[in-house]
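Take a look at the structure set out below.
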Amino acid sequence: MTAQTARRTICVIPGDDAAPEAMDAALDMLRAMDLPLDFDVVPVGVELAELAPQEREALVIERIDRAEGVLFGSTNGTTPGVAYLRWGKGTFANVRPVRWRPGFRSPLADPSVIDYVIVRENLEDSYVGIMGDVQALHGSGLVGPKARLSYQGEGRFAAKIITRAGTERVARFSLELARARRGKLTVSAKTNMLPKTDGYFCDIVREVAADFPDVELEQFIVDDLAHRLVLRPHGLDVVLLPNLYGDLLSDEAAATIGGLGLAPSGCYGDDFAYFESAHGSAPDIAGRGIINPTATVLSAVMMLEHLGLTDAAGRLDAAIGEVYASGEFLTADQGGTASTAEFAAAVVAALRR
């Protein structure tokens, strides 16, 4: 066997609530393709909940470490592993493609121009988890009569951390991606109000971009970018954002193509990657068999591309496109009446044609 066709193990983490239903559908499609992949499926959240928290965490981490890639559902907190996949594995770049295709139920009059990628720095910013009581800041010079915050009563704070190393790493990743696509990178943050962090982020991106003279670089304040995602998406190629803004604006971007049920993502580190839908675990529709598995399947497409199985990725992507273009087997969020299983069966039928 060649390196591309040698069998590899993928850890599948179905997750919680309705997420396992989407994962089951995705696995039906992947198994129909006769890929050189073995799927190690972790128990669903309700089964993991029977274990003690530490035992549950250890089980999932062990299975992750045995695999060469991970396909993750969505968690409500019962299924562990997300923190380990992100910080433990150093997956610093969260890549969220935003692409409309015929059949997607976009609220925009003409969504046909939407085809760009949001790269969200995945490890820093407000997500470092440094939080506490405002009282702890007294005596630091950050709170007091001469500071913007002179409040002496009860309150909470959260730190926003931007490092040069973290920003340089994700900037280089984004510029390489832009070079491979259409040659344009848009960077955005709240630079006018947060020059010490957001301004720093954008300044570092500009420094790194000097090594990529073939990539066009533009910069917007993040609230302006939020406006452009709706009114001017045709001007975007690769968009780089700090962690919090990337999390928020990628959900807005998903809405422009038809919703979070269509939004895949991949999280990449130096030598590891995992793939997951951008939506939550959808507890309101759990057990009803109607969750849209498209985001999970498109995340699997990204996984196949990452593994070098580009032909298979293209086949699966084309089959999904065919089902949407026909409009016959779409789930309720896309205006159809198909169940999750019926949508999956339609994609499998398209794969076999």
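Identifiers in the structure tokens: chain A, B, ... in order shown; residue index from 1 per chain; ligand index from 1 in order shown.
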
May I have a table of the residues of segment 226-300 of chain A lying at most 8 Å from segment 170-194 of chain A, giving each one's closest pair of atoms and their distance in Å to one decimal, counting only C-alpha atoms, ordered by chain and ascending residue number, as a tab-separated table?
residue	atom	partner	partner_atom	distance
A:Leu236	CA	A:Thr186	CA	7.1
A:Asp237	CA	A:Lys184	CA	5.7
A:Val238	CA	A:Leu185	CA	4.9
A:Val239	CA	A:Thr186	CA	4.7
A:Leu240	CA	A:Val187	CA	4.8
A:Leu241	CA	A:Ser188	CA	5.7
A:Pro242	CA	A:Ala189	CA	6.9
A:Tyr245	CA	A:Ala189	CA	7.3

Neighbour list for Ala165 of chain A as a list in words, cut-off 12 Å, only C-alpha atoms, skip fewer than 3 positions in-chain: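 Listed by chain and then number, they are Phe92, Glu121, Leu123, Glu124, Ile161, Ile162, Glu168, Arg169, Val170, Ala171, Arg172, Tyr200, Phe201, Ile204, Val205 and Val208 of chain A.
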
Go ahead and write the residues just picked, C-alpha atoms, as a tab-separated table (two decimals), in the first residue's frame.
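This is the output file result-v3.tsv:
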chain	number	residue	atom	x	y	z
A	92	PHE	CA	-4.25	26.63	16.90
A	121	GLU	CA	-7.13	31.70	16.21
A	123	LEU	CA	-6.05	28.93	21.68
A	124	GLU	CA	-5.74	32.50	22.97
A	161	ILE	CA	-4.34	37.39	25.94
A	162	ILE	CA	-2.70	37.85	22.54
A	168	GLU	CA	2.56	34.67	14.01
A	169	ARG	CA	1.67	30.99	13.80
A	170	VAL	CA	-1.96	31.50	12.81
A	171	ALA	CA	-1.06	34.39	10.50
A	172	ARG	CA	1.38	32.24	8.56
A	200	TYR	CA	-1.15	44.09	18.35
A	201	PHE	CA	-2.77	41.10	16.63
A	204	ILE	CA	1.81	41.16	13.80
A	205	VAL	CA	-0.27	39.83	10.90
A	208	VAL	CA	4.18	38.26	8.74

Point-to-point distance in Å for atom CA of Gln54 of chain A and atom CA of Val42 of chain A: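 Result for atom CA of Val42 of chain A versus atom CA of Gln54 of chain A: 15.6 Å, one decimal.
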
Point-to-point distance from atom CA of Ala67 of chain A to atom CA of Val348 of chain A, Å rounded to tenths: 25.5 Å

Minimum-distance residue to Asp198 of chain A, chosen among A:Ala147, A:Leu244, A:Ala341, A:Val41 (using only C-alpha atoms):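 With only C-alpha atoms as the atom set, the closest residue is A:Leu244.
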
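Minimum atom-to-atom distances from A:Arg56, A:Arg8, A:Lys146, A:His306 to Pro80 of chain A were compared using only C-alpha atoms, and the lowest value belongs to A:Arg56.
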
List the spatial neighbours of Ala332 of chain A as a compact mmCIF listing (two decimals) with N, CA and C atoms, in the first residue's frame - criterion: any atom at most 12 Å away, only C-alpha atoms, same-chain residues fewer than 6 positions off excluded.
# COMPACT_ATOMS: atom_id res chain seq x y z
N PHE A 104 -29.10 25.31 -0.71
CA PHE A 104 -28.95 25.88 0.63
C PHE A 104 -29.97 27.01 0.79
N ARG A 105 -30.65 27.03 1.92
CA ARG A 105 -31.74 27.97 2.14
C ARG A 105 -31.22 29.28 2.74
N GLY A 258 -27.42 29.74 5.05
CA GLY A 258 -28.56 28.88 5.34
C GLY A 258 -28.60 28.29 6.73
N GLY A 259 -27.61 28.61 7.58
CA GLY A 259 -27.67 28.18 8.96
C GLY A 259 -26.53 27.29 9.40
N GLY A 261 -26.54 24.34 10.46
CA GLY A 261 -26.61 22.96 10.00
C GLY A 261 -25.78 22.70 8.76
N ILE A 285 -34.14 18.89 19.58
CA ILE A 285 -34.62 17.93 18.57
C ILE A 285 -34.01 16.54 18.75
N ARG A 288 -35.47 12.78 17.57
CA ARG A 288 -36.54 12.93 16.59
C ARG A 288 -36.11 12.54 15.17
N GLY A 289 -34.81 12.32 14.98
CA GLY A 289 -34.33 11.88 13.67
C GLY A 289 -34.45 12.93 12.59
N ILE A 290 -34.34 14.21 12.96
CA ILE A 290 -34.51 15.27 11.96
C ILE A 290 -33.32 16.22 11.88
N ILE A 291 -32.27 15.99 12.68
CA ILE A 291 -31.12 16.88 12.63
C ILE A 291 -30.46 16.82 11.26
N ASN A 292 -30.02 17.96 10.77
CA ASN A 292 -29.33 18.03 9.48
C ASN A 292 -27.88 17.59 9.68
N PRO A 293 -27.44 16.52 9.03
CA PRO A 293 -26.07 16.04 9.22
C PRO A 293 -25.05 16.70 8.29
N ALA A 338 -37.44 15.65 4.74
CA ALA A 338 -36.69 14.41 4.90
C ALA A 338 -36.17 14.25 6.32
N SER A 339 -36.10 13.01 6.75
CA SER A 339 -35.45 12.71 8.03
C SER A 339 -33.94 12.71 7.83
N THR A 340 -33.22 12.64 8.93
CA THR A 340 -31.76 12.54 8.87
C THR A 340 -31.35 11.31 8.07
N GLU A 342 -33.09 9.66 5.80
CA GLU A 342 -33.46 9.79 4.39
C GLU A 342 -32.46 10.66 3.63
N PHE A 343 -32.01 11.73 4.27
CA PHE A 343 -30.97 12.56 3.65
C PHE A 343 -29.71 11.74 3.43

Point-to-point distance in Å for atom CA of Asp24 of chain A and atom CA of Ser326 of chain A: 22.9 Å

Need to verify the contact set: Ala282 of chain A, 9 Å, only C-alpha atoms, exclusion of same-chain residues closer than 3 positions in sequence. Can you return it as a PDB file with C-alpha atoms, in the first residue's frame?
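Listed below is the output, out.pdb:
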ATOM      1  CA  ASP A  16     -24.518  14.437  23.075  1.00  0.00           C
ATOM      2  CA  ASP A  17     -28.222  15.068  22.465  1.00  0.00           C
ATOM      3  CA  ALA A  18     -28.968  15.034  18.706  1.00  0.00           C
ATOM      4  CA  ALA A  19     -25.316  15.081  17.628  1.00  0.00           C
ATOM      5  CA  SER A  74     -21.106  18.259  19.496  1.00  0.00           C
ATOM      6  CA  ASN A  76     -23.351  19.653  25.953  1.00  0.00           C
ATOM      7  CA  HIS A 279     -23.306  23.844  15.581  1.00  0.00           C
ATOM      8  CA  ILE A 285     -34.619  17.928  18.570  1.00  0.00           C
ATOM      9  CA  ALA A 286     -32.756  14.994  20.149  1.00  0.00           C
ATOM     10  CA  ILE A 291     -31.116  16.879  12.629  1.00  0.00           C
TER      11      ILE A 291
END

Polymer residues at most 10 Å from Leu249 of chain A, only C-alpha atoms, same-chain spacing of 5 or more positions, as an NGL selection string: :A and (118 or 120 or 222-223 or 225-226 or 229 or 241 or 244 or 254-255)

Residues as selected, C-alpha atoms, written as a PDB file, in the first residue's frame, can you do that?
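Once written, result04.pdb looks like this:
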ATOM      1  CA  ILE A 118     -12.811  32.138   8.248  1.00  0.00           C
ATOM      2  CA  ARG A 120     -10.156  31.689  13.909  1.00  0.00           C
ATOM      3  CA  VAL A 222     -14.516  43.983  13.366  1.00  0.00           C
ATOM      4  CA  ASP A 223     -17.919  45.692  13.478  1.00  0.00           C
ATOM      5  CA  LEU A 225     -16.480  43.282   8.943  1.00  0.00           C
ATOM      6  CA  ALA A 226     -19.709  42.003  10.532  1.00  0.00           C
ATOM      7  CA  LEU A 229     -20.247  39.520   5.793  1.00  0.00           C
ATOM      8  CA  LEU A 241      -9.843  36.747  13.340  1.00  0.00           C
ATOM      9  CA  LEU A 244     -13.720  35.397  20.258  1.00  0.00           C
ATOM     10  CA  ALA A 254     -23.184  30.481   8.492  1.00  0.00           C
ATOM     11  CA  ALA A 255     -26.551  32.239   8.690  1.00  0.00           C
TER      12      ALA A 255
END

Residue nearest Val347 of chain A - candidates A:Asp311, A:Ala109, A:Pro213, A:Asp28, atoms counted: only C-alpha atoms: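 The shortest atom-to-atom distance to Val347 of chain A comes from A:Asp28.
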
Per-residue DSSP, segment 147-252 of chain A, filtered to alpha helix (DSSP H), as number ranges by chain: A: 164-180, 200-209, 222-231, 243-252

Taking C-alpha atoms for each residue, export the selection above as a PDB file, in the first residue's frame.
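Dumped to again-v2.pdb:
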ATOM      1  CA  ARG A 164       3.329  37.188  19.320  1.00  0.00           C
ATOM      2  CA  ALA A 165       4.112  33.492  18.888  1.00  0.00           C
ATOM      3  CA  GLY A 166       0.445  32.496  18.718  1.00  0.00           C
ATOM      4  CA  THR A 167      -0.427  35.263  16.289  1.00  0.00           C
ATOM      5  CA  GLU A 168       2.561  34.674  14.010  1.00  0.00           C
ATOM      6  CA  ARG A 169       1.667  30.991  13.801  1.00  0.00           C
ATOM      7  CA  VAL A 170      -1.964  31.497  12.810  1.00  0.00           C
ATOM      8  CA  ALA A 171      -1.061  34.386  10.504  1.00  0.00           C
ATOM      9  CA  ARG A 172       1.381  32.238   8.557  1.00  0.00           C
ATOM     10  CA  PHE A 173      -1.195  29.436   8.354  1.00  0.00           C
ATOM     11  CA  SER A 174      -3.815  31.878   7.014  1.00  0.00           C
ATOM     12  CA  LEU A 175      -1.477  33.452   4.488  1.00  0.00           C
ATOM     13  CA  GLU A 176      -0.496  30.020   3.156  1.00  0.00           C
ATOM     14  CA  LEU A 177      -4.191  29.186   2.826  1.00  0.00           C
ATOM     15  CA  ALA A 178      -4.885  32.458   1.017  1.00  0.00           C
ATOM     16  CA  ARG A 179      -1.980  31.790  -1.328  1.00  0.00           C
ATOM     17  CA  ALA A 180      -3.500  28.392  -2.166  1.00  0.00           C
ATOM     18  CA  TYR A 200      -1.147  44.089  18.350  1.00  0.00           C
ATOM     19  CA  PHE A 201      -2.774  41.104  16.628  1.00  0.00           C
ATOM     20  CA  CYS A 202      -3.277  43.025  13.385  1.00  0.00           C
ATOM     21  CA  ASP A 203       0.193  44.591  13.501  1.00  0.00           C
ATOM     22  CA  ILE A 204       1.808  41.164  13.802  1.00  0.00           C
ATOM     23  CA  VAL A 205      -0.266  39.828  10.905  1.00  0.00           C
ATOM     24  CA  ARG A 206       0.988  42.716   8.772  1.00  0.00           C
ATOM     25  CA  GLU A 207       4.584  41.919   9.718  1.00  0.00           C
ATOM     26  CA  VAL A 208       4.177  38.264   8.737  1.00  0.00           C
ATOM     27  CA  ALA A 209       2.379  39.250   5.525  1.00  0.00           C
ATOM     28  CA  VAL A 222     -14.516  43.983  13.366  1.00  0.00           C
ATOM     29  CA  ASP A 223     -17.919  45.692  13.478  1.00  0.00           C
ATOM     30  CA  ASP A 224     -17.359  46.859   9.894  1.00  0.00           C
ATOM     31  CA  LEU A 225     -16.480  43.282   8.943  1.00  0.00           C
ATOM     32  CA  ALA A 226     -19.709  42.003  10.532  1.00  0.00           C
ATOM     33  CA  HIS A 227     -21.565  44.335   8.173  1.00  0.00           C
ATOM     34  CA  ARG A 228     -19.536  43.223   5.164  1.00  0.00           C
ATOM     35  CA  LEU A 229     -20.247  39.520   5.793  1.00  0.00           C
ATOM     36  CA  VAL A 230     -23.852  40.241   4.815  1.00  0.00           C
ATOM     37  CA  LEU A 231     -23.567  43.028   2.251  1.00  0.00           C
ATOM     38  CA  ASN A 243     -10.576  33.689  18.904  1.00  0.00           C
ATOM     39  CA  LEU A 244     -13.720  35.397  20.258  1.00  0.00           C
ATOM     40  CA  TYR A 245     -14.581  37.350  17.106  1.00  0.00           C
ATOM     41  CA  GLY A 246     -13.955  34.278  14.983  1.00  0.00           C
ATOM     42  CA  ASP A 247     -16.374  32.281  17.100  1.00  0.00           C
ATOM     43  CA  LEU A 248     -19.108  34.919  16.833  1.00  0.00           C
ATOM     44  CA  LEU A 249     -18.729  36.004  13.217  1.00  0.00           C
ATOM     45  CA  SER A 250     -18.454  32.482  11.823  1.00  0.00           C
ATOM     46  CA  ASP A 251     -21.969  31.844  13.167  1.00  0.00           C
ATOM     47  CA  GLU A 252     -23.172  35.017  11.444  1.00  0.00           C
TER      48      GLU A 252
END

From A:Cys11, A:Ala344, A:Leu149, A:Ala210, residue lying nearest Leu137 of chain A [only C-alpha atoms]: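 The closest residue to Leu137 of chain A is A:Leu149.
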
Counting only C-alpha atoms, the option among A:Asp110, A:Glu68, A:Glu276, A:Asp270 closest to Ile13 of chain A: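 Going through A:Asp110, A:Glu68, A:Glu276, A:Asp270 one by one, the smallest distance to Ile13 of chain A is for A:Glu276.
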
Test item: residues at most 7 Å from Met131 of chain A, only C-alpha atoms, excluding those fewer than 3 positions along its chain, as a list in words: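 Everything that qualifies: Phe157, Ala158 and Ala159 of chain A.
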
Non-local contacts of Ala93 of chain A (7 Å; only C-alpha atoms; under 2 positions in same chain excluded) as a list of chain:residue names: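 So the residues in contact are A:Thr91, A:Val95, A:Val119, A:Arg120, A:Glu121, A:Asn122, A:Val170, A:Cys267, A:Tyr268, A:Gly269.
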
Written selection (C-alpha atoms) as a short mmCIF file (atom, residue, chain, number, x, y, z; two decimals), in the first residue's frame:
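As written to disk, again_8.cif reads:
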data_model
loop_
_atom_site.label_atom_id
_atom_site.label_comp_id
_atom_site.auth_asym_id
_atom_site.auth_seq_id
_atom_site.Cartn_x
_atom_site.Cartn_y
_atom_site.Cartn_z
CA THR A 91 -4.79 22.91 17.31
CA VAL A 95 -10.91 26.77 9.83
CA VAL A 119 -9.68 31.22 10.19
CA ARG A 120 -10.16 31.69 13.91
CA GLU A 121 -7.13 31.70 16.21
CA ASN A 122 -8.10 28.82 18.46
CA VAL A 170 -1.96 31.50 12.81
CA CYS A 267 -9.01 22.55 13.81
CA TYR A 268 -5.36 22.25 12.76
CA GLY A 269 -2.12 22.08 14.69
#

DSSP-assigned strand (DSSP E) members of segment 11-235 of chain A, reported as JSON, numbers by chain: {"A": [11, 12, 13, 14, 15, 37, 38, 39, 40, 41, 69, 70, 71, 72, 73, 74, 93, 94, 95, 96, 97, 98, 99, 115, 116, 117, 118, 119, 120, 121, 131, 132, 133, 156, 157, 158, 184, 185, 186, 187, 188, 189, 216, 217, 218, 219, 220, 221]}

Residue among A:Gly336, A:Gly321, A:Pro20, A:Gly199 lying closest to Leu351 of chain A, counting only C-alpha atoms: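 So, comparing all the options, the nearest one is A:Gly321.
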